[in-house]
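J.: So that you have it, the file is run25.pdb, and it contains PDB, C-alpha atoms:
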```pdb
MODEL        1
ATOM      1  CA  MET B   1     -40.105  -3.259  -4.153
ATOM      2  CA  PRO B   2     -42.013  -0.411  -2.467
ATOM      3  CA  GLY B   3     -45.514   0.116  -3.772
ATOM      4  CA  LEU B   4     -45.986  -3.514  -4.752
ATOM      5  CA  ILE B   5     -48.900  -5.440  -3.284
ATOM      6  CA  GLN B   6     -47.552  -8.411  -1.369
ATOM      7  CA  GLU B   7     -50.143 -11.198  -1.207
ATOM      8  CA  SER B   8     -47.907 -13.906   0.252
ATOM      9  CA  PRO B   9     -47.371 -15.263   2.882
ATOM     10  CA  PHE B  10     -50.466 -13.577   4.358
ATOM     11  CA  LYS B  11     -53.968 -14.963   3.867
ATOM     12  CA  THR B  12     -56.217 -12.485   5.682
ATOM     13  CA  ILE B  13     -54.435  -9.170   4.987
ATOM     14  CA  THR B  14     -53.004  -7.383   1.963
ATOM     15  CA  VAL B  15     -49.618  -5.694   2.295
ATOM     16  CA  LYS B  16     -48.173  -2.835   0.230
ATOM     17  CA  GLU B  17     -44.492  -2.205   0.901
ATOM     18  CA  LEU B  18     -43.529   1.413   1.594
ATOM     19  CA  HIS B  19     -39.720   1.208   1.449
ATOM     20  CA  PRO B  20     -37.216  -1.279   0.040
ATOM     21  CA  THR B  21     -36.262  -2.588   3.499
ATOM     22  CA  PHE B  22     -39.135  -1.863   5.897
ATOM     23  CA  GLY B  23     -42.595  -0.413   6.387
ATOM     24  CA  ALA B  24     -45.924  -1.502   4.936
ATOM     25  CA  GLU B  25     -49.494  -0.341   4.487
ATOM     26  CA  VAL B  26     -51.892  -3.093   5.502
ATOM     27  CA  SER B  27     -55.456  -3.395   4.266
ATOM     28  CA  GLY B  28     -58.233  -5.923   4.721
ATOM     29  CA  VAL B  29     -58.498  -5.583   8.508
ATOM     30  CA  ASN B  30     -61.916  -5.216  10.094
ATOM     31  CA  PHE B  31     -60.990  -3.626  13.418
ATOM     32  CA  GLN B  32     -64.460  -4.255  14.781
ATOM     33  CA  ASP B  33     -63.867  -8.008  14.538
ATOM     34  CA  VAL B  34     -60.198  -9.010  14.266
ATOM     35  CA  SER B  35     -59.949 -12.802  14.331
ATOM     36  CA  GLU B  36     -57.095 -14.559  16.092
ATOM     37  CA  GLU B  37     -55.758 -15.703  12.714
ATOM     38  CA  GLN B  38     -55.749 -12.165  11.382
ATOM     39  CA  PHE B  39     -54.200 -10.780  14.561
ATOM     40  CA  LYS B  40     -51.343 -13.281  14.244
ATOM     41  CA  GLU B  41     -50.782 -12.107  10.676
ATOM     42  CA  ILE B  42     -50.656  -8.478  11.836
ATOM     43  CA  VAL B  43     -48.001  -9.447  14.402
ATOM     44  CA  ALA B  44     -46.087 -11.343  11.695
ATOM     45  CA  ALA B  45     -46.242  -8.304   9.410
ATOM     46  CA  MET B  46     -44.906  -6.176  12.259
ATOM     47  CA  ALA B  47     -41.952  -8.552  12.694
ATOM     48  CA  LYS B  48     -41.132  -8.341   8.993
ATOM     49  CA  TYR B  49     -41.716  -4.643   8.322
ATOM     50  CA  GLY B  50     -41.123  -2.913  11.684
ATOM     51  CA  PHE B  51     -44.067  -0.566  11.218
ATOM     52  CA  CYS B  52     -47.466  -0.921   9.550
ATOM     53  CA  VAL B  53     -50.007   1.696   8.478
ATOM     54  CA  PHE B  54     -53.751   1.042   8.706
ATOM     55  CA  ARG B  55     -56.220   3.448   7.087
ATOM     56  CA  ALA B  56     -59.722   4.348   8.299
ATOM     57  CA  THR B  57     -59.726   1.900  11.208
ATOM     58  CA  GLY B  58     -62.982   3.172  12.701
ATOM     59  CA  LEU B  59     -61.480   2.854  16.194
ATOM     60  CA  ASP B  60     -62.495   5.124  19.056
ATOM     61  CA  ASP B  61     -60.654   5.576  22.367
ATOM     62  CA  ILE B  62     -62.151   2.497  24.005
ATOM     63  CA  SER B  63     -61.682   0.145  21.054
ATOM     64  CA  HIS B  64     -58.178   1.556  20.480
ATOM     65  CA  VAL B  65     -57.175   0.568  24.004
ATOM     66  CA  LYS B  66     -58.957  -2.768  23.806
ATOM     67  CA  PHE B  67     -57.204  -3.718  20.556
ATOM     68  CA  SER B  68     -53.842  -2.576  21.950
ATOM     69  CA  GLU B  69     -54.243  -4.894  24.938
ATOM     70  CA  ARG B  70     -54.012  -7.862  22.582
ATOM     71  CA  PHE B  71     -50.322  -7.019  22.113
ATOM     72  CA  GLY B  72     -49.561  -7.127  25.841
ATOM     73  CA  GLU B  73     -49.628  -5.106  29.052
ATOM     74  CA  LEU B  74     -50.117  -1.393  28.425
ATOM     75  CA  ASP B  75     -48.211   1.507  29.914
ATOM     76  CA  ASN B  76     -50.247   4.404  31.336
ATOM     77  CA  ILE B  77     -49.923   8.114  32.089
ATOM     78  CA  ARG B  78     -50.620   8.064  35.838
ATOM     79  CA  ARG B  79     -47.032   8.970  36.761
ATOM     80  CA  TYR B  80     -47.363  12.191  34.719
ATOM     81  CA  MET B  81     -50.486  13.328  36.564
ATOM     82  CA  VAL B  82     -48.790  15.404  39.264
ATOM     83  CA  GLY B  83     -49.176  18.972  40.464
ATOM     84  CA  GLY B  84     -52.874  19.071  39.611
ATOM     85  CA  ARG B  85     -52.293  17.958  36.034
ATOM     86  CA  LYS B  86     -55.310  16.244  34.485
ATOM     87  CA  PRO B  87     -55.568  13.857  31.524
ATOM     88  CA  ARG B  88     -57.346  14.929  28.341
ATOM     89  CA  TYR B  89     -59.062  11.562  28.039
ATOM     90  CA  GLY B  90     -60.946   9.262  30.346
ATOM     91  CA  LEU B  91     -58.523   6.402  29.720
ATOM     92  CA  TYR B  92     -55.114   6.506  31.379
ATOM     93  CA  GLU B  93     -53.718   4.123  28.749
ATOM     94  CA  LEU B  94     -53.911   6.869  26.097
ATOM     95  CA  PHE B  95     -50.879   9.132  25.710
ATOM     96  CA  ASP B  96     -51.481  12.598  24.266
ATOM     97  CA  ALA B  97     -49.309  12.959  21.135
ATOM     98  CA  GLY B  98     -51.065  16.031  19.778
ATOM     99  CA  ASN B  99     -50.897  19.806  20.082
ATOM    100  CA  ILE B 100     -54.045  20.413  22.134
ATOM    101  CA  ASP B 101     -53.872  22.238  25.462
ATOM    102  CA  ALA B 102     -55.408  19.905  28.060
ATOM    103  CA  GLU B 103     -56.654  22.813  30.175
ATOM    104  CA  THR B 104     -58.284  24.963  27.486
ATOM    105  CA  GLY B 105     -58.896  22.549  24.614
ATOM    106  CA  SER B 106     -57.304  25.080  22.253
ATOM    107  CA  ILE B 107     -54.170  24.751  20.154
ATOM    108  CA  LEU B 108     -51.060  24.510  22.319
ATOM    109  CA  ASP B 109     -49.028  27.710  22.587
ATOM    110  CA  PRO B 110     -45.797  26.989  20.619
ATOM    111  CA  GLU B 111     -43.818  28.735  23.380
ATOM    112  CA  SER B 112     -45.363  26.795  26.258
ATOM    113  CA  PRO B 113     -43.180  24.422  28.293
ATOM    114  CA  ARG B 114     -45.019  21.409  26.914
ATOM    115  CA  ALA B 115     -44.482  22.593  23.337
ATOM    116  CA  HIS B 116     -40.757  23.018  24.011
ATOM    117  CA  SER B 117     -40.731  19.552  25.525
ATOM    118  CA  ASN B 118     -42.475  18.149  22.445
ATOM    119  CA  ARG B 119     -39.718  19.472  20.190
ATOM    120  CA  GLY B 120     -37.627  16.539  21.337
ATOM    121  CA  ASN B 121     -40.176  14.306  19.590
ATOM    122  CA  GLY B 122     -39.015  15.843  16.318
ATOM    123  CA  LEU B 123     -35.715  13.978  16.710
ATOM    124  CA  PHE B 124     -35.432  10.319  15.741
ATOM    125  CA  HIS B 125     -35.984   8.341  18.918
ATOM    126  CA  VAL B 126     -37.282   5.126  20.473
ATOM    127  CA  ASP B 127     -40.321   5.513  22.714
ATOM    128  CA  SER B 128     -39.661   4.579  26.346
ATOM    129  CA  SER B 129     -35.956   3.787  26.017
ATOM    130  CA  PHE B 130     -35.685   6.066  29.074
ATOM    131  CA  ASN B 131     -37.933   3.669  31.009
ATOM    132  CA  PRO B 132     -36.441   0.835  33.083
ATOM    133  CA  ARG B 133     -38.766  -1.527  31.216
ATOM    134  CA  ARG B 134     -38.738  -0.545  27.583
ATOM    135  CA  ALA B 135     -41.668  -0.543  25.157
ATOM    136  CA  SER B 136     -42.381  -2.985  22.371
ATOM    137  CA  TYR B 137     -45.236  -1.709  20.219
ATOM    138  CA  CYS B 138     -46.836   1.701  19.969
ATOM    139  CA  LEU B 139     -50.215   2.254  18.328
ATOM    140  CA  LEU B 140     -50.738   5.865  17.203
ATOM    141  CA  ARG B 141     -54.198   6.911  15.972
ATOM    142  CA  ALA B 142     -55.288  10.137  14.287
ATOM    143  CA  CYS B 143     -58.367  11.826  15.745
ATOM    144  CA  GLU B 144     -58.062  15.274  14.155
ATOM    145  CA  LEU B 145     -55.624  16.373  11.456
ATOM    146  CA  PRO B 146     -54.416  19.661   9.941
ATOM    147  CA  PRO B 147     -55.507  20.469   6.378
ATOM    148  CA  PRO B 148     -53.401  18.620   3.770
ATOM    149  CA  GLY B 149     -50.108  20.244   2.882
ATOM    150  CA  ASN B 150     -49.425  21.633   6.366
ATOM    151  CA  GLY B 151     -47.080  18.899   7.600
ATOM    152  CA  GLY B 152     -47.455  16.802  10.705
ATOM    153  CA  ASN B 153     -46.290  13.569   9.065
ATOM    154  CA  THR B 154     -44.475  10.808  10.960
ATOM    155  CA  ASP B 155     -41.036   9.618   9.859
ATOM    156  CA  PHE B 156     -39.425   6.225  10.469
ATOM    157  CA  ALA B 157     -35.851   4.889  10.303
ATOM    158  CA  ASP B 158     -34.829   1.246   9.818
ATOM    159  CA  SER B 159     -32.396   0.485  12.645
ATOM    160  CA  ARG B 160     -32.079  -3.201  11.688
ATOM    161  CA  THR B 161     -30.828  -2.537   8.175
ATOM    162  CA  ALA B 162     -28.695   0.261   9.599
ATOM    163  CA  PHE B 163     -26.928  -2.357  11.719
ATOM    164  CA  ASP B 164     -26.546  -4.708   8.750
ATOM    165  CA  GLU B 165     -24.842  -1.958   6.757
ATOM    166  CA  LEU B 166     -22.548  -0.513   9.414
ATOM    167  CA  PRO B 167     -19.024   0.339   8.264
ATOM    168  CA  GLU B 168     -16.820  -2.671   8.962
ATOM    169  CA  ASP B 169     -14.723  -0.941  11.625
ATOM    170  CA  LEU B 170     -17.766   0.240  13.548
ATOM    171  CA  ARG B 171     -19.510  -3.117  13.278
ATOM    172  CA  ASP B 172     -16.398  -4.894  14.584
ATOM    173  CA  GLU B 173     -16.140  -2.462  17.500
ATOM    174  CA  LEU B 174     -19.759  -2.961  18.528
ATOM    175  CA  LEU B 175     -19.576  -6.751  18.287
ATOM    176  CA  SER B 176     -16.308  -6.989  20.215
ATOM    177  CA  HIS B 177     -17.564  -4.879  23.159
ATOM    178  CA  ASP B 178     -20.518  -5.110  25.516
ATOM    179  CA  TYR B 179     -21.669  -1.527  25.049
ATOM    180  CA  VAL B 180     -24.582  -0.286  27.136
ATOM    181  CA  GLY B 181     -26.561   2.851  26.358
ATOM    182  CA  ALA B 182     -27.605   5.259  29.126
ATOM    183  CA  HIS B 183     -30.939   6.870  28.208
ATOM    184  CA  SER B 184     -32.528  10.048  29.520
ATOM    185  CA  MET B 185     -35.684  11.862  28.456
ATOM    186  CA  ALA B 186     -34.214  15.085  29.803
ATOM    187  CA  HIS B 187     -31.387  14.658  27.290
ATOM    188  CA  SER B 188     -33.717  14.522  24.278
ATOM    189  CA  ARG B 189     -35.776  17.440  25.625
ATOM    190  CA  LYS B 190     -32.601  19.516  25.846
ATOM    191  CA  LEU B 191     -31.495  18.483  22.352
ATOM    192  CA  GLY B 192     -34.885  19.493  20.981
ATOM    193  CA  SER B 193     -34.965  22.932  22.635
ATOM    194  CA  PRO B 194     -31.488  23.704  24.029
ATOM    195  CA  ALA B 195     -32.087  27.351  24.921
ATOM    196  CA  PHE B 196     -35.308  26.698  26.818
ATOM    197  CA  PHE B 197     -33.787  23.780  28.739
ATOM    198  CA  LYS B 198     -30.308  25.281  29.148
ATOM    199  CA  ASP B 199     -30.400  24.864  32.932
ATOM    200  CA  VAL B 200     -31.454  21.203  32.798
ATOM    201  CA  ASP B 201     -28.679  18.713  33.539
ATOM    202  CA  PRO B 202     -29.568  15.204  32.311
ATOM    203  CA  THR B 203     -26.813  13.710  34.488
ATOM    204  CA  ALA B 204     -28.552  14.998  37.631
ATOM    205  CA  SER B 205     -31.282  12.385  37.208
ATOM    206  CA  THR B 206     -31.266   8.612  37.074
ATOM    207  CA  MET B 207     -30.710   7.144  33.620
ATOM    208  CA  THR B 208     -31.841   3.764  32.359
ATOM    209  CA  ARG B 209     -29.549   1.282  30.644
ATOM    210  CA  HIS B 210     -30.130  -0.961  27.638
ATOM    211  CA  ARG B 211     -27.592  -2.658  25.396
ATOM    212  CA  ILE B 212     -26.736  -0.907  22.143
ATOM    213  CA  VAL B 213     -26.681  -4.068  20.022
ATOM    214  CA  GLN B 214     -29.626  -6.401  20.516
ATOM    215  CA  VAL B 215     -31.351  -9.219  18.709
ATOM    216  CA  HIS B 216     -34.890  -8.341  17.682
ATOM    217  CA  GLU B 217     -36.554 -11.544  18.777
ATOM    218  CA  PRO B 218     -39.646 -11.480  16.523
ATOM    219  CA  SER B 219     -37.456 -11.357  13.387
ATOM    220  CA  GLY B 220     -34.162 -12.786  14.632
ATOM    221  CA  ARG B 221     -32.342  -9.800  13.137
ATOM    222  CA  THR B 222     -29.803  -7.636  14.955
ATOM    223  CA  ASN B 223     -30.828  -4.091  15.820
ATOM    224  CA  LEU B 224     -29.222  -0.829  16.925
ATOM    225  CA  TYR B 225     -31.033   0.402  20.035
ATOM    226  CA  ILE B 226     -30.149   4.087  19.909
ATOM    227  CA  GLY B 227     -31.987   7.401  19.269
ATOM    228  CA  ALA B 228     -32.280  10.861  20.785
ATOM    229  CA  HIS B 229     -32.780   9.656  24.377
ATOM    230  CA  LEU B 230     -29.337   7.997  24.265
ATOM    231  CA  HIS B 231     -27.081  10.230  26.373
ATOM    232  CA  HIS B 232     -23.848   8.224  26.478
ATOM    233  CA  ILE B 233     -22.393   4.740  26.137
ATOM    234  CA  GLU B 234     -20.843   2.646  28.912
ATOM    235  CA  GLU B 235     -18.922  -0.567  29.302
ATOM    236  CA  ASN B 236     -18.476  -2.343  32.613
ATOM    237  CA  GLY B 237     -20.356   0.462  34.326
ATOM    238  CA  ARG B 238     -18.135   3.292  33.103
ATOM    239  CA  GLN B 239     -18.553   5.761  30.261
ATOM    240  CA  ILE B 240     -16.301   4.811  27.373
ATOM    241  CA  PRO B 241     -13.773   7.244  25.852
ATOM    242  CA  GLY B 242     -15.271   9.044  22.877
ATOM    243  CA  SER B 243     -18.781   8.158  23.992
ATOM    244  CA  ARG B 244     -20.486  11.299  22.698
ATOM    245  CA  ASP B 245     -18.820  10.980  19.291
ATOM    246  CA  LEU B 246     -19.914   7.365  19.024
ATOM    247  CA  VAL B 247     -23.505   8.234  19.973
ATOM    248  CA  GLN B 248     -23.554  10.891  17.270
ATOM    249  CA  ARG B 249     -21.981   8.587  14.686
ATOM    250  CA  LEU B 250     -24.490   5.808  15.331
ATOM    251  CA  ASN B 251     -27.506   8.112  15.233
ATOM    252  CA  GLN B 252     -26.313   9.829  12.069
ATOM    253  CA  HIS B 253     -25.659   6.488  10.401
ATOM    254  CA  ALA B 254     -29.071   5.014  11.262
ATOM    255  CA  THR B 255     -31.024   8.078  10.107
ATOM    256  CA  GLN B 256     -29.474   8.488   6.677
ATOM    257  CA  LYS B 257     -32.031   9.153   3.965
ATOM    258  CA  LYS B 258     -31.682   5.631   2.560
ATOM    259  CA  TYR B 259     -32.905   4.166   5.870
ATOM    260  CA  THR B 260     -35.870   6.524   6.344
ATOM    261  CA  THR B 261     -39.377   7.001   5.019
ATOM    262  CA  THR B 262     -42.319   9.302   5.713
ATOM    263  CA  VAL B 263     -45.929   8.390   6.432
ATOM    264  CA  GLU B 264     -48.578  10.968   5.596
ATOM    265  CA  TRP B 265     -51.769  10.940   7.643
ATOM    266  CA  ASP B 266     -54.778  10.862   5.325
ATOM    267  CA  SER B 267     -57.801  11.071   7.602
ATOM    268  CA  PRO B 268     -59.021  10.610  11.181
ATOM    269  CA  GLY B 269     -59.068   6.927  12.066
ATOM    270  CA  ASP B 270     -55.719   6.208  10.427
ATOM    271  CA  MET B 271     -53.350   4.306  12.720
ATOM    272  CA  ILE B 272     -49.664   3.400  12.633
ATOM    273  CA  ILE B 273     -48.264   0.540  14.694
ATOM    274  CA  TRP B 274     -44.517   0.313  15.133
ATOM    275  CA  ASP B 275     -42.087  -1.860  17.054
ATOM    276  CA  ASN B 276     -39.677   0.267  19.098
ATOM    277  CA  ARG B 277     -37.259  -2.667  19.222
ATOM    278  CA  CYS B 278     -36.444  -2.368  15.509
ATOM    279  CA  VAL B 279     -37.300   1.137  14.235
ATOM    280  CA  LEU B 280     -36.759   4.778  15.173
ATOM    281  CA  HIS B 281     -39.382   7.444  14.554
ATOM    282  CA  ARG B 282     -39.937  11.172  14.822
ATOM    283  CA  ALA B 283     -42.806  13.652  14.602
ATOM    284  CA  GLY B 284     -42.633  15.783  11.479
ATOM    285  CA  GLY B 285     -43.031  19.527  11.785
ATOM    286  CA  GLY B 286     -44.854  21.879   9.445
ATOM    287  CA  THR B 287     -46.900  25.011   9.039
ATOM    288  CA  PHE B 288     -49.695  23.475  11.136
ATOM    289  CA  GLU B 289     -47.786  24.304  14.336
ATOM    290  CA  GLY B 290     -49.600  27.018  16.271
ATOM    291  CA  ARG B 291     -52.295  27.230  13.541
ATOM    292  CA  TYR B 292     -54.157  23.930  13.198
ATOM    293  CA  ARG B 293     -55.236  21.195  15.559
ATOM    294  CA  ARG B 294     -53.381  17.883  15.348
ATOM    295  CA  ASP B 295     -54.895  15.388  17.775
ATOM    296  CA  LEU B 296     -53.024  12.063  17.854
ATOM    297  CA  ARG B 297     -53.469   9.486  20.620
ATOM    298  CA  ARG B 298     -51.066   6.652  21.399
ATOM    299  CA  THR B 299     -51.029   3.465  23.376
ATOM    300  CA  THR B 300     -47.702   1.967  24.426
ATOM    301  CA  VAL B 301     -47.155  -1.734  25.078
ATOM    302  CA  HIS B 302     -44.639  -2.885  27.699
ATOM    303  CA  ASP B 303     -41.996  -5.190  26.242
ATOM    304  CA  ASP B 304     -42.200  -8.722  27.615
ATOM    305  CA  SER B 305     -39.028 -10.111  26.024
ATOM    306  CA  PRO B 306     -36.055 -11.354  28.110
ATOM    307  CA  THR B 307     -34.229  -8.065  27.430
ATOM    308  CA  ALA B 308     -37.188  -5.808  28.267
ATOM    309  CA  TRP B 309     -35.606  -4.495  31.480
ATOM    310  CA  GLY B 310     -32.115  -4.097  30.063
ATOM    311  CA  LEU B 311     -29.671  -3.686  32.942
ATOM    312  CA  ASN B 312     -32.253  -1.976  35.157
ATOM    313  CA  PRO B 313     -33.675  -3.308  38.451
ATOM    314  CA  ARG B 314     -37.146  -4.722  37.963
ATOM    315  CA  ASP B 315     -38.460  -2.718  40.901
ATOM    316  CA  SER B 316     -37.362   0.640  39.436
ATOM    317  CA  VAL B 317     -39.953   3.104  38.147
ATOM    318  CA  TRP B 318     -39.475   6.154  35.930
ATOM    319  CA  MET B 319     -41.526   8.976  37.433
ATOM    320  CA  GLY B 320     -41.959  11.396  34.501
ATOM    321  CA  PHE B 321     -40.944  14.557  36.376
ATOM    322  CA  ASN B 322     -38.075  15.364  38.713
ATOM    323  CA  ALA B 323     -36.662  18.108  40.900
ATOM    324  CA  GLN B 324     -35.368  20.101  37.910
ATOM    325  CA  ALA B 325     -38.951  21.077  37.016
ATOM    326  CA  LYS B 326     -38.602  24.727  38.107
ATOM    327  CA  PRO B 327     -41.560  27.121  37.659
ATOM    328  CA  LYS B 328     -40.386  28.067  34.165
ATOM    329  CA  LEU B 329     -40.446  24.399  33.165
ATOM    330  CA  ALA B 330     -43.789  23.482  34.723
ATOM    331  CA  GLY B 331     -45.668  21.312  32.244
ATOM    332  CA  ALA B 332     -42.569  20.074  30.469
ATOM    333  CA  VAL B 333     -42.261  16.298  30.500
ATOM    334  CA  GLY B 334     -39.117  14.483  31.531
ATOM    335  CA  VAL B 335     -37.053  17.331  33.015
TER
ENDMDL
END
```
Would you mind writing the structure in this file as structure tokens?
T.:
Amino acid sequence: MPGLIQESPFKTITVKELHPTFGAEVSGVNFQDVSEEQFKEIVAAMAKYGFCVFRATGLDDISHVKFSERFGELDNIRRYMVGGRKPRYGLYELFDAGNIDAETGSILDPESPRAHSNRGNGLFHVDSSFNPRRASYCLLRACELPPPGNGGNTDFADSRTAFDELPEDLRDELLSHDYVGAHSMAHSRKLGSPAFFKDVDPTASTMTRHRIVQVHEPSGRTNLYIGAHLHHIEENGRQIPGSRDLVQRLNQHATQKKYTTTVEWDSPGDMIIWDNRCVLHRAGGGTFEGRYRRDLRRTTVHDDSPTAWGLNPRDSVWMGFNAQAKPKLAGAVGV
């Protein structure tokens, strides 16, 4: 039951469940000296719960990246650094998940292209499903937070249990077909701010393809690989009839209230680790937007499982920006 302290089967960490089917807050970790035994238990907790919350980690940028590297090869932001754009941090492995203007250091203008782009993050999604090689873990750390009561939480959805509890007709359809999802970051940007991105056509850019139904290898459970980046569904290389309706039905099913939970950020140094191969997440809004600084920094781990590349060529690279980035959209990511 959520809220209960789970002492078994872990020896070096203590686990408090956050939801009946997924999510946990983990304590007892000394991030300045994580033993191999304890690291293996963190990975095991991730397999069981899908996401884990760690309070007051004491990590800085360098130790954040160093700890993340224990999970595997890290993605980086170099492909986004075009047109004179500069990173906020000295480490290219850190993704900026906050609301700070990189040029001025002030709070991001809510009407700026980047802010409109970030609105897509407020939809339930899977990080990097638009990449040819998808992501496994993400490690998101708080550096500066709005005052309590102003929002900015992070929400999660349990896409494994959502598969387990699919309506029988939908479950039978998915298991009797080899459905492939076509993912596009431009699609989620347009969903998040349709008026601002009204001239963006997601179909004008290359999409990446990953199967809708997949086995989550760390747990052996079946997962729905969906979310806001999912533009349409194909079979045998062609879009299936009723694709858009099926995308909507799957996303609505997986993000029902019974499959979701919210994590509140308590203080700088808090960190959430999640596995994109078995949960969805979204950035929560609030009255902090345009008023208070919210500085969150994320590392993203490349998946190294047999299905990491989906149906995409291993020599393909997602570039971050494309020819649709007209002057009005300069600074928006993924369009």
J.: Counting only C-alpha atoms, which residue out of B:Val213, B:Ala157, B:Leu175, B:Ala283 sits closest to Tyr259 of chain B?
T.: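 Using only C-alpha atoms, Tyr259 of chain B sits closest to B:Ala157.
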J.: Any chance you could resolve the PyMOL selection byres ((chain B and resi 164-169) around 10) against this file and give the residues as a PyMOL selection string?
T.: chain B and resi 159-163+170-174+221-224+250+253-254
J.: Could you list as a ChimeraX atom specification every residue that has an atom within 6 Å of (-43.9, -1.3, 15.0), using the file's coordinates and counting all atoms listed in the file?
T.: /B:46,50-51,137,273-275
J.: Save the residues we just selected, C-alpha atoms, as a short mmCIF file (atom, residue, chain, number, x, y, z; two decimals), in the frame of the given file?
T.:
```
data_model
loop_
_atom_site.label_atom_id
_atom_site.label_comp_id
_atom_site.auth_asym_id
_atom_site.auth_seq_id
_atom_site.Cartn_x
_atom_site.Cartn_y
_atom_site.Cartn_z
CA MET B 46 -44.91 -6.18 12.26
CA GLY B 50 -41.12 -2.91 11.68
CA PHE B 51 -44.07 -0.57 11.22
CA TYR B 137 -45.24 -1.71 20.22
CA ILE B 273 -48.26 0.54 14.69
CA TRP B 274 -44.52 0.31 15.13
CA ASP B 275 -42.09 -1.86 17.05
#
```
J.: Using all atoms listed in the file, which residue out of B:Gln214, B:Asn236, B:Asn153, B:Gln38 lies closest to Ser267 of chain B?
T.: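 Closest candidate: B:Asn153.
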J.: Please write the residues picked by the PyMOL selection byres ((chain B and resi 98) around 8) on this file as a PyMOL selection string.
T.: chain B and resi 96-97+99-100+293-297
J.: Name the residues in contact with Val247 of chain B at a cut-off of 8 Å, using all atoms listed in the file, excluding same-chain residues fewer than 5 positions from it; report them as a list in words.
T.: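 Listing them by chain and then by number gives Ile226, Leu230, His231, His232 and Ile233 of chain B.
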J.: In Å, rounded to a single decimal, give me how far atom CA of Tyr179 of chain B is from atom CA of Gly237 of chain B.
T.: 9.6 Å
J.: What is the atom CA of Phe156 of chain B to atom CA of Arg282 of chain B distance in Å?
T.: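 Calculated distance between atom CA of Phe156 of chain B and atom CA of Arg282 of chain B is 6.6 Å.
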J.: Could you tell me, as a PyMOL selection string, exactly which residues end up selected when the PyMOL selection byres ((chain B and resi 25) around 6) is applied to this structure?
T.: chain B and resi 15-16+24+26+52-53
J.: Any idea what's packed within 7 Å of Asn312 of chain B, counting all atoms listed in the file, ignoring anything in its chain fewer than 3 positions away? Could you give it as a ChimeraX atom specification?
T.: /B:132,208-209,309
J.: Report, in Å to a single decimal, how far apart atom CA of Ala182 of chain B and atom CA of Asp199 of chain B are.
T.: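 Computed distance, atom CA of Asp199 of chain B to atom CA of Ala182 of chain B, equals 20.2 Å.
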J.: Counting all atoms listed in the file, what are the residues of segment 111-172 of chain B within 12 Å of segment 59-67 of chain B, and for each of them which pair of atoms is the nearest and at what distance in Å, to one decimal? Sort the table by chain and rising number, as JSON lines.
T.:
```
{"residue": "B:Cys138", "atom": "CA", "partner": "B:Val65", "partner_atom": "CA", "distance": 11.2}
{"residue": "B:Leu139", "atom": "CA", "partner": "B:His64", "partner_atom": "CA", "distance": 8.3}
{"residue": "B:Leu140", "atom": "CA", "partner": "B:His64", "partner_atom": "CA", "distance": 9.2}
{"residue": "B:Arg141", "atom": "CA", "partner": "B:His64", "partner_atom": "CA", "distance": 8.1}
{"residue": "B:Ala142", "atom": "CA", "partner": "B:Leu59", "partner_atom": "CA", "distance": 9.7}
{"residue": "B:Cys143", "atom": "CA", "partner": "B:Asp60", "partner_atom": "CA", "distance": 8.5}
```
J.: Which residue out of B:Val29, B:Leu18, B:Asn131, B:His216 has the minimum interatomic distance to Pro313 of chain B when all atoms listed in the file are used?
T.: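 The shortest atom-to-atom distance to Pro313 of chain B comes from B:Asn131.
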J.: Select, counting all atoms listed in the file, all protein, DNA and RNA residues no farther than 12 Å from (-33.0, -1.9, 32.0) in file coordinates, and express the selection as number ranges by chain.
T.: B: 128-135, 180-183, 206-212, 303, 305-318
J.: Create the file for the chosen residues now, containing C-alpha atoms and written as an mmCIF file, keeping the file's coordinate frame.
T.:
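The resulting file, again33.cif, is reproduced below:
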```
data_model
loop_
_atom_site.group_PDB
_atom_site.id
_atom_site.type_symbol
_atom_site.label_atom_id
_atom_site.label_comp_id
_atom_site.auth_asym_id
_atom_site.auth_seq_id
_atom_site.Cartn_x
_atom_site.Cartn_y
_atom_site.Cartn_z
ATOM 1 C CA SER B 128 -39.661 4.579 26.346
ATOM 2 C CA SER B 129 -35.956 3.787 26.017
ATOM 3 C CA PHE B 130 -35.685 6.066 29.074
ATOM 4 C CA ASN B 131 -37.933 3.669 31.009
ATOM 5 C CA PRO B 132 -36.441 0.835 33.083
ATOM 6 C CA ARG B 133 -38.766 -1.527 31.216
ATOM 7 C CA ARG B 134 -38.738 -0.545 27.583
ATOM 8 C CA ALA B 135 -41.668 -0.543 25.157
ATOM 9 C CA VAL B 180 -24.582 -0.286 27.136
ATOM 10 C CA GLY B 181 -26.561 2.851 26.358
ATOM 11 C CA ALA B 182 -27.605 5.259 29.126
ATOM 12 C CA HIS B 183 -30.939 6.870 28.208
ATOM 13 C CA THR B 206 -31.266 8.612 37.074
ATOM 14 C CA MET B 207 -30.710 7.144 33.620
ATOM 15 C CA THR B 208 -31.841 3.764 32.359
ATOM 16 C CA ARG B 209 -29.549 1.282 30.644
ATOM 17 C CA HIS B 210 -30.130 -0.961 27.638
ATOM 18 C CA ARG B 211 -27.592 -2.658 25.396
ATOM 19 C CA ILE B 212 -26.736 -0.907 22.143
ATOM 20 C CA ASP B 303 -41.996 -5.190 26.242
ATOM 21 C CA SER B 305 -39.028 -10.111 26.024
ATOM 22 C CA PRO B 306 -36.055 -11.354 28.110
ATOM 23 C CA THR B 307 -34.229 -8.065 27.430
ATOM 24 C CA ALA B 308 -37.188 -5.808 28.267
ATOM 25 C CA TRP B 309 -35.606 -4.495 31.480
ATOM 26 C CA GLY B 310 -32.115 -4.097 30.063
ATOM 27 C CA LEU B 311 -29.671 -3.686 32.942
ATOM 28 C CA ASN B 312 -32.253 -1.976 35.157
ATOM 29 C CA PRO B 313 -33.675 -3.308 38.451
ATOM 30 C CA ARG B 314 -37.146 -4.722 37.963
ATOM 31 C CA ASP B 315 -38.460 -2.718 40.901
ATOM 32 C CA SER B 316 -37.362 0.640 39.436
ATOM 33 C CA VAL B 317 -39.953 3.104 38.147
ATOM 34 C CA TRP B 318 -39.475 6.154 35.930
#
```
